[in-house]
Amino acid sequence: TVAVGDVNQSPNSPFGKIGDVGVRTVQKARYEHLNDDKQVDREFGFERLLHEAGDEWEIEKPFMNIFRPGFKGLLTADKGKVRVENIVGRPSPQDATLTGNVVIHILPESNSNIGESFIYLDDVTFLSEKSQFSTEGPVKFVSQNANMLGRGLELIYNDRANRLEFLKITSLDRLTLRVSSKPSSASSRKKVAAERKSLGTSSPAITETPQADTQAPQQEKEQLYKCVLNGSVVIDAPEQLIFADKVSISNIASGEKRDRTAKADTADAKAVDAQVAEKSEPGEQSEPNESSGQFADILVTCDGGILVAPVDSPKVSPDLDKIEPDKTAGILEKSYEDFNDPNRITFIAQRIDYDTLTGDTVAAGTSEIRFYAKGVFGTDANEPPVPVRITTRKKVEFSPSKKQIVFEGGCICKMIRNYSGIQQKYILSAPRLVVNLSGEKSNNQIFGFSSGLKHLSAAGGTVKLAVIRTAAEKLLGGVELKCRRCDYDTAGQLFAAAGPPSVIKVDNSGISESQSGTGKFSLRSRCYAFMRDFETLKYNLNENQIIADANSQGVLIDYFPIVQGRQGQQAAVTASHLELNLAEAAAGKTELSTLSAAGGVTYEDQDKQFAAARLLYDAGKSVITAYGDKVQPCLLNGALVDAIEYDLSADTIRTAITGAGAVQVGR
């Protein structure tokens, strides 16, 4: 239903013609549009009619007031052209193009969560049938918590559903979001209410509208929207730096409850709003950028544009299976120095989908997260944080309720620790990585990421971990683990692995020879060492102790010294239970201090074979001792003995043969 208000005739211009009314100039005209409830939901008017050509009017100082539940939209411009239809003999404005200092002022109701905002345009086209506003020119948006610069606007509002149907910014230059640690959502509304009160309640330029119905309005659930940013998206926040080809943010609250039976405001309220719009000239608006509290700015840029629509709209439906070619490779190849801020997380992905209701985030395609963590892999709390870099080729899922990030498909985690001139690099690879976080969420964080590492687990197939130590680009040694699953807990500084497969390889074949004395099985000497076939392995970094078990078969330790560039005499130990105590040696190297083996123990080198219930190795004394029990007697080269003491330095064995006396056996 369309109702047309009276056209105010200028007393100085009695000539011309509009419809059947003879005038030369029309001033201060206002036309009202009624919704299905016969209430005014839109007004259109102008200061002066400049020219008429058929059904097109050229007008000066046009304005449009749009009344919606929770807010009003007040639009003003310098000039415009409007298409007019005659309805029951009276002119009714339809489509319009407005130009010159176009300002759209979004003014919330006192009980609304919508913030006051301004949109500045060079021109705008309005199509009444679709309730569509559009422009190809520059667009500036200003509010208390956001500023945006872009180009190209298309906005469609669904009058029947009382909701925004479609909003598109063709090209985004920059979007700045202001986040406060001290919420002050009501401050701007109080300021606007005070200004409205000071203006009074009279306005001769507005026709009277029906009073609001006293019937209680029927409330519906809050409208939820999705926002999609396209093309090389960068989100630059104080605690996070995010790169993506596309970012989709869903379940964004509209800020007000939809109310289909809500009526238009009274004439007094509209008069106040009209004076507010008339009082504010472009560039002179009191742009609401001030409020109390500490603030942090989040800068958003992208090569493409922004699309906003209801979450159920097909225009923004999820399309995770159709990932564009990888555009993140260049960023992924950059070194740590490009993202070396220890106070900020860097997240890189092809596509990011974020749910504002739950905080859940899904990144599809190639993704990477970079952050710094303290207290990992035995580092002291006073040491600088360790840079961590995790990449995946399939998907990343983050759940803030669980404080957990899950990486799927070709996952690689790299950590670098620098201390005392030594660099220790950790490289963990697995089909699936799960990272549990300990830090609290900050107001300045996007997507809820937190960098406090609590627990890390790797599984889903073959898991590999490599630890490499270097100093001045010289290799100090390397360890490689292959297993079925491994876990690392920061609180207990505990590393755990499970197999099969299970193997640990120590490659010290290229290290510099130690100048100090070393034992026969020293890890400071050039050597290869292997531990394999364990079912469970635990490494306590605080105690520097490794415990390995194999219930079905024995754990095997092989040691191969490198002598004058060639492999020396092999030594091997098997047992169902092994305990290894490690010690820090010179130049940051780790040395085996003691080894304890139990359960079906065997020892074998080039010319000696032991079998015992228990075996002990003391690196400081360079001595191996072995003992038997009722289940497993002690054997030396097949002969039954009471015990074995093997002096590695002298290469001699002392033993007591059963039934004979003590015997010393040389090489």
# chains A, B, ... in the order shown; residues from 1 in each chain; ligands from 1
>>> residues_around(residues="Lys482 of chain A", least_positions_apart="2", cutoff="9 Å", atoms="only C-alpha atoms", output="ChimeraX atom specification")
/A:462-466,480,484-485,497,499-505
>>> write_last_selection(atoms="all heavy atoms", output="CSV table (one decimal), in the first residue's frame")
chain,number,residue,atom,x,y,z
A,462,THR,N,52.0,-43.1,10.7
A,462,THR,CA,53.4,-43.0,11.1
A,462,THR,C,53.7,-41.6,11.6
A,462,THR,O,53.5,-40.6,10.9
A,462,THR,CB,54.3,-43.4,10.0
A,462,THR,OG1,54.0,-44.8,9.6
A,462,THR,CG2,55.8,-43.3,10.4
A,463,VAL,N,54.3,-41.5,12.8
A,463,VAL,CA,54.7,-40.2,13.4
A,463,VAL,C,56.2,-40.2,13.4
A,463,VAL,O,56.9,-41.2,13.8
A,463,VAL,CB,54.1,-40.1,14.8
A,463,VAL,CG1,54.6,-38.8,15.4
A,463,VAL,CG2,52.6,-40.2,14.8
A,464,LYS,N,56.8,-39.0,13.0
A,464,LYS,CA,58.2,-38.9,13.0
A,464,LYS,C,58.6,-37.6,13.8
A,464,LYS,O,57.9,-36.6,13.6
A,464,LYS,CB,58.8,-38.8,11.6
A,464,LYS,CG,58.6,-40.1,10.8
A,464,LYS,CD,59.2,-39.9,9.4
A,464,LYS,CE,59.1,-41.2,8.6
A,464,LYS,NZ,59.7,-41.0,7.2
A,465,LEU,N,59.6,-37.7,14.6
A,465,LEU,CA,60.2,-36.5,15.3
A,465,LEU,C,61.7,-36.5,15.1
A,465,LEU,O,62.4,-37.5,15.4
A,465,LEU,CB,59.8,-36.6,16.8
A,465,LEU,CG,60.5,-35.5,17.7
A,465,LEU,CD1,60.0,-34.1,17.3
A,465,LEU,CD2,60.2,-35.8,19.1
A,466,ALA,N,62.2,-35.4,14.6
A,466,ALA,CA,63.6,-35.2,14.5
A,466,ALA,C,64.1,-34.1,15.3
A,466,ALA,O,63.5,-33.0,15.4
A,466,ALA,CB,64.0,-35.0,13.0
A,480,GLU,N,66.3,-39.1,15.7
A,480,GLU,CA,65.1,-39.2,14.9
A,480,GLU,C,64.2,-40.3,15.5
A,480,GLU,O,64.7,-41.4,15.8
A,480,GLU,CB,65.4,-39.5,13.5
A,480,GLU,CG,64.1,-39.6,12.6
A,480,GLU,CD,64.5,-39.9,11.2
A,480,GLU,OE1,65.1,-39.1,10.5
A,480,GLU,OE2,64.1,-41.0,10.7
A,484,ARG,N,54.0,-44.8,16.3
A,484,ARG,CA,52.6,-44.8,15.9
A,484,ARG,C,51.9,-43.6,16.5
A,484,ARG,O,51.0,-43.0,15.9
A,484,ARG,CB,51.9,-46.0,16.3
A,484,ARG,CG,50.4,-46.1,16.1
A,484,ARG,CD,49.8,-47.4,16.5
A,484,ARG,NE,50.3,-47.8,17.8
A,484,ARG,CZ,49.6,-47.5,19.0
A,484,ARG,NH1,48.6,-46.7,18.9
A,484,ARG,NH2,50.1,-47.9,20.1
A,485,ARG,N,52.3,-43.1,17.7
A,485,ARG,CA,51.7,-42.0,18.3
A,485,ARG,C,52.7,-41.4,19.3
A,485,ARG,O,53.5,-42.1,19.9
A,485,ARG,CB,50.4,-42.4,19.1
A,485,ARG,CG,49.8,-41.3,19.9
A,485,ARG,CD,48.7,-41.8,20.8
A,485,ARG,NE,48.1,-40.8,21.7
A,485,ARG,CZ,47.1,-40.0,21.4
A,485,ARG,NH1,46.4,-40.2,20.2
A,485,ARG,NH2,46.7,-39.0,22.2
A,497,ALA,N,55.8,-41.9,23.7
A,497,ALA,CA,55.6,-42.4,22.3
A,497,ALA,C,55.2,-43.8,22.4
A,497,ALA,O,55.4,-44.5,23.4
A,497,ALA,CB,57.0,-42.3,21.6
A,499,GLY,N,54.3,-47.5,19.9
A,499,GLY,CA,54.5,-48.2,18.6
A,499,GLY,C,53.7,-49.5,18.6
A,499,GLY,O,52.9,-49.8,19.6
A,500,PRO,N,53.8,-50.4,17.7
A,500,PRO,CA,54.7,-50.2,16.5
A,500,PRO,C,54.1,-49.4,15.4
A,500,PRO,O,52.9,-49.2,15.4
A,500,PRO,CB,54.9,-51.7,16.1
A,500,PRO,CG,53.6,-52.4,16.5
A,500,PRO,CD,53.1,-51.7,17.7
A,501,PRO,N,54.9,-48.9,14.4
A,501,PRO,CA,56.4,-49.0,14.4
A,501,PRO,C,57.0,-48.2,15.5
A,501,PRO,O,56.4,-47.2,15.9
A,501,PRO,CB,56.7,-48.5,13.0
A,501,PRO,CG,55.6,-47.5,12.7
A,501,PRO,CD,54.4,-48.1,13.3
A,502,SER,N,58.2,-48.5,15.8
A,502,SER,CA,58.9,-47.7,16.9
A,502,SER,C,60.4,-47.9,16.7
A,502,SER,O,60.9,-49.0,16.8
A,502,SER,CB,58.5,-48.2,18.3
A,502,SER,OG,58.7,-49.5,18.4
A,503,VAL,N,61.1,-46.8,16.5
A,503,VAL,CA,62.5,-46.8,16.4
A,503,VAL,C,63.0,-45.4,16.7
A,503,VAL,O,62.4,-44.4,16.3
A,503,VAL,CB,63.0,-47.2,15.0
A,503,VAL,CG1,62.5,-46.3,13.9
A,503,VAL,CG2,64.5,-47.3,14.9
A,504,ILE,N,64.1,-45.3,17.4
A,504,ILE,CA,64.8,-44.0,17.7
A,504,ILE,C,66.2,-44.2,17.1
A,504,ILE,O,67.0,-45.2,17.5
A,504,ILE,CB,64.9,-43.7,19.2
A,504,ILE,CG1,63.5,-43.5,19.8
A,504,ILE,CG2,65.7,-42.5,19.4
A,504,ILE,CD1,63.5,-43.3,21.3
A,505,LYS,N,66.6,-43.2,16.3
A,505,LYS,CA,67.9,-43.3,15.7
A,505,LYS,C,68.7,-42.1,16.1
A,505,LYS,O,68.3,-40.9,16.0
A,505,LYS,CB,67.8,-43.3,14.1
A,505,LYS,CG,69.1,-43.2,13.4
A,505,LYS,CD,68.9,-43.1,11.9
A,505,LYS,CE,70.2,-42.9,11.2
A,505,LYS,NZ,70.0,-42.8,9.7
>>> select_by_dssp(residues="segment 523-597 of chain A", states="strand (DSSP E)", output="count of residues only")
48
>>> atom_distance(atom1="atom CA of Leu616 of chain A", atom2="atom CA of Phe534 of chain A")
18.9 Å
>>> atom_distance(atom1="atom CA of Lys630 of chain A", atom2="atom CA of Leu615 of chain A")
15.2 Å
